[in-house]
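Q: The following block contains the structure, expressed as structure tokens.
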Amino acid sequence: MAYQGYTTFSAEQDGGVLTVTFDFGPVNVQGQEMLEDLMGLAMRLERDRSVKVVVFQSANPEIWVCHYDTNLLKDMSADAVSRSEAKLLDLQAVLERISKLPQATIAKLEGVARGGGHEFALACDMRFAARGKFKFMQMEVGMGILPCGGGASRMARQTGLGRALEIILSARDFTADEAQAYGTINKALDPEEIGEYVDNLAKRIAAFPAESINACKQAVYESIDKPIDEALKAEAYWLYQATSKTPAIKRFQIADEKGLEYDLDNQRNWNDLVMKVQEIN
Amino acid sequence: MAYQGYTTFSAEQDGGVLTVTFDFGPVNVQGQEMLEDLMGLAMRLERDRSVKVVVFQSANPEIWVCHYDTNLLKDMSADAVSRSEAKLLDLQAVLERISKLPQATIAKLEGVARGGGHEFALACDMRFAARGKFKFMQMEVGMGILPCGGGASRMARQTGLGRALEIILSARDFTADEAQAYGTINKALDPEEIGEYVDNLAKRIAAFPAESINACKQAVYESIDKPIDEALKAEAYWLYQATSKTPAIKRFQIADEKGLEYDLDNQRNWNDLVMKVQEIN
Amino acid sequence: MAYQGYTTFSAEQDGGVLTVTFDFGPVNVQGQEMLEDLMGLAMRLERDRSVKVVVFQSANPEIWVCHYDTNLLKDMSADAVSRSEAKLLDLQAVLERISKLPQATIAKLEGVARGGGHEFALACDMRFAARGKFKFMQMEVGMGILPCGGGASRMARQTGLGRALEIILSARDFTADEAQAYGTINKALDPEEIGEYVDNLAKRIAAFPAESINACKQAVYESIDKPIDEALKAEAYWLYQATSKTPAIKRFQIADEKGLEYDLDNQRNWNDLVMKVQEIN
């Protein structure tokens with residue numbers, strides 16, 4: 001499947017990893033063009049089990065995705081809507097679709113991400129950021145609105161309620177180290193190490209079965225949207241979704257035949273064992 | 001609107017910031033008087049859009065709010081109630097009303113806060129604490145009860161489940177640094193810096209439109225009480241609540257006319273840009 | 001009540017603390033034997049108010065609980081089930097029962113815990129781990145499945161969504177310090193200090209009334225499964241559950257008669273005060 005013809009990014013597949021590189025104008029603005037590209041990308045990825053991990057990065061040395069195109073906001077309605085009338089906004093719909101892709105998604109943040117740019121990062125499964133290069137801000141409160149690309153909804157799912165409120169109400173830049181301390185990113189890394197770190201993680205995940213990756217993702221996302229008794233049932237549901245499509249049983253049989261597991265020496269080395277099982281298949 | 005006539009605190013408005021200073025008896029006990037004062041304060045604040053940020057502090061050099069008045073607990077019922085009979089307790093009702101105020105609320109913790117005192121801090125949007133001066137404890141398990149001013153309900157919304165359980169089951173003092181590590185406060189600060197830090201944050205937020213502050217708050221609180229699809233719809237609902245009352249569109253138009261946004265130089269300086277847009281209005 | 005006759009662990013009661021020590025074969029595998037033992041243990045503990053705290057540890061110098069017995073997975077169904085057909089798996093059912101025990105539960109992690117072993121730790125209320133000895137991994141994604149002993153459901157209840165997804169999708173070992181930073185454990189401790197630390201915590205909690213411990217636990221677990229207004233009502237419900245069975249009122253009366261509370265000197269010393277109230281009873 002060719003990942004070509006995009007206006008705001010290029011996409012290159014290497015094995016099971018698709019790297020998407022934003023490169024659009026001076027600041028990678030998140031406008032109509034980018035939303036269309038992302039929606040097109042999501043439609044392809046939903047049907048493509050050859051891609052197992054998507055890494056989003058930027059060609060711009062300073063900016064990852066700057067923010068939503070304010071030109072799209074200038075004809076925004078000034079009428080209140082009722083609760084029942086409220087529908088998903090375009091940006092919300094695109095980012096929610098990205099969030100639930102069957103692939104594992106990684107935001108590799110080597111530049112600033114503000115407003116809708118940062119909300120896009122929040123819609124990815126994981127976020128890694130380069131110290132000194134990454135900053136994020138939700139400036140919406142100062143513009144008379146709120147983070148409405150899922151930012152208000154997703155922030156406290158990463159960090160505690162108090163820190164989510166501070167981020168969204170203070171409308172200031174947060175550094176990579178602050179983001180790590182608050183938990184909005186997985187980890188802050190030095191600029192010279194982030195490339196290899198994300199590469200290794202992406203390749204590791206890409207070695208695993210596509211159906212398991214999807215089942216893991218969907219179960220984790222469902223887990224926090226449901227009470228524990230329903231979350232556990234969802235977990236069981238996703239187990240059988242995975243095993244009905246992936247030779248999991250064979251993996252366990254082979255692991256067992258090889259005596260990989262019940263030996264103390266082997267227990268010391270699961271980091272490699274889990275990769276060896278992939279070679280077997 | 002005059003914020004006067006309270007028994008347990010004084011309140012002073014400076015621009016959009018209202019500073020509430022607890023000063024009641026030797027230990028700032030949270031009794032009938034304080035609950036009445038807080039309910040009265042909440043009723044005024046709900047109608048007052050001139051106040052955008054409320055800072056809660058204490059005049060007592062050692063104690064913020066000590067704990068709930070145990071005299072109010074001595075005639076507590078010893079009868080179990082059924083699930084359907086359970087109604088909000090007085091302290092729960094007052095603190096939930098404080099929690100959902102349209103203003104941003106900050107607990108400036110320069111003394112100890114235990115039991116209901118700490119539960120009051122948890123009902124604020126943000127918490128900053130002075131090292132060496134702040135400690136918190138939920139001692140209820142040792143008194144034969146549980147934290148029932150919203151403490152059992154709100155603790156895990158700030159920190160993980162395991163740490164919430166440890167705090168509530170161990171009934172011991174936690175320091176400012178421990179609170180920061182566990183995420184029950186936003187940040188621990190040195191005693192000589194907390195004043196300026198909170199002042200700057202309060203003034204920054206107070207520069208933003210009242211309707212956006214409220215919309216941000218309510219959307220974030222709703223976000224963790226709802227599955228993501230409903231949270232996103234609430235976010236959209238709050239967007240139009242804000243834009244129907246605040247000239248957000250004008251802000252974007254002006255920002256655009258001034259070329260504030262799409263220039264790389266400007267992108268470097270959003271911390272100030274967001275304040276400049278406030279001057280325009 | 002005798003805690004005897006188990007195949008995979010021994011259990012020793014000292015005052016209100018029951019210490020369960022896994023010791024089964026070379027690697028403490030989590031198989032049929034361990035599940036049966038745990039279910040039997042849970043049935044007894046649910047009726048025993050003399051035990052207030054349960055500490056789970058291992059006699060194996062390297063391994064806490066290694067992982068689920070893969071032999072039980074080899075005849076796993078390869079048929080997908082519908083949402084409505086999905087039922088709790090055996091491991092899920094046992095661990096959910098452990099999770100909701102009336103006792104406070106502590107995982108004392110001085111060896112590795114992977115897969116179902118780590119999911120068991122996640123089902124405990126608190127987790128403390130020894131640096132250099134503890135590692136954890138959820139390797140399921142690499143085996144064609146997902147963490148289905150409640151791991152996918154419980155991970156993000158301890159840490160943010162992004163870090164939960166990284167842990168479950170990367171299938172790699174995490175150290176005690178990484179676990180502390182991500183919040184999957186309460187605290188990492190040096191190997192020589194973890195024993196005393198957990199002992200002190202267990203004894204402290206065991207001094208408190210059994211009904212309060214249970215009420216605290218259940219209210220905290222319910223809190224994150226419900227919107228705040230329902231969580232608060234559950235909190236009120238559990239208050240009366242506790243006070244109907246425990247002489248809480250008497251505690252407050254005695255505390256008050258002794259003048260324990262409203263004196264500034266006493267306020268400085270709540271860490272001990274809360275224990276003194278236990279001696280009174």
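Numbering starts fresh at 1 for the residues of each chain in the structure tokens, the chains themselves are lettered A, B, ... in the order given, and ligands are numbered from 1 as they appear.
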Tell me the residues of chain C close to chain B, meaning within 7 Å using only C-alpha atoms, as a VMD selection string.

A: chain C and resid 125 to 126 157 to 159 183 186 201 204 to 205 208 to 209 212 to 213 215 to 217 219 to 220 223 to 224 226 to 228 231 to 233 235 to 237 239 to 244 246 to 249 251 to 253 262 264 271 274

Q: Got a sec: who's within 12 Å of B:Met43, counting only C-alpha atoms, leaving out chain neighbours fewer than 6 positions off, as an MDAnalysis selection string?

A: chainID B and resid 1 3 36:37 94 97:98 100:102

Q: For the helix (DSSP H, G or I) assignment from backbone DSSP, which residues of stretch 61-140 of chain C qualify? Please present them as number ranges by chain.

A: C: 70-73, 90-99, 116-123, 140

Q: Which one is closest to A:Val17: A:Val51, A:Ile194, A:Val65, A:Ala207? Count only C-alpha atoms.

A: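 Of the candidates, the smallest distance to A:Val17 is held by A:Val51.
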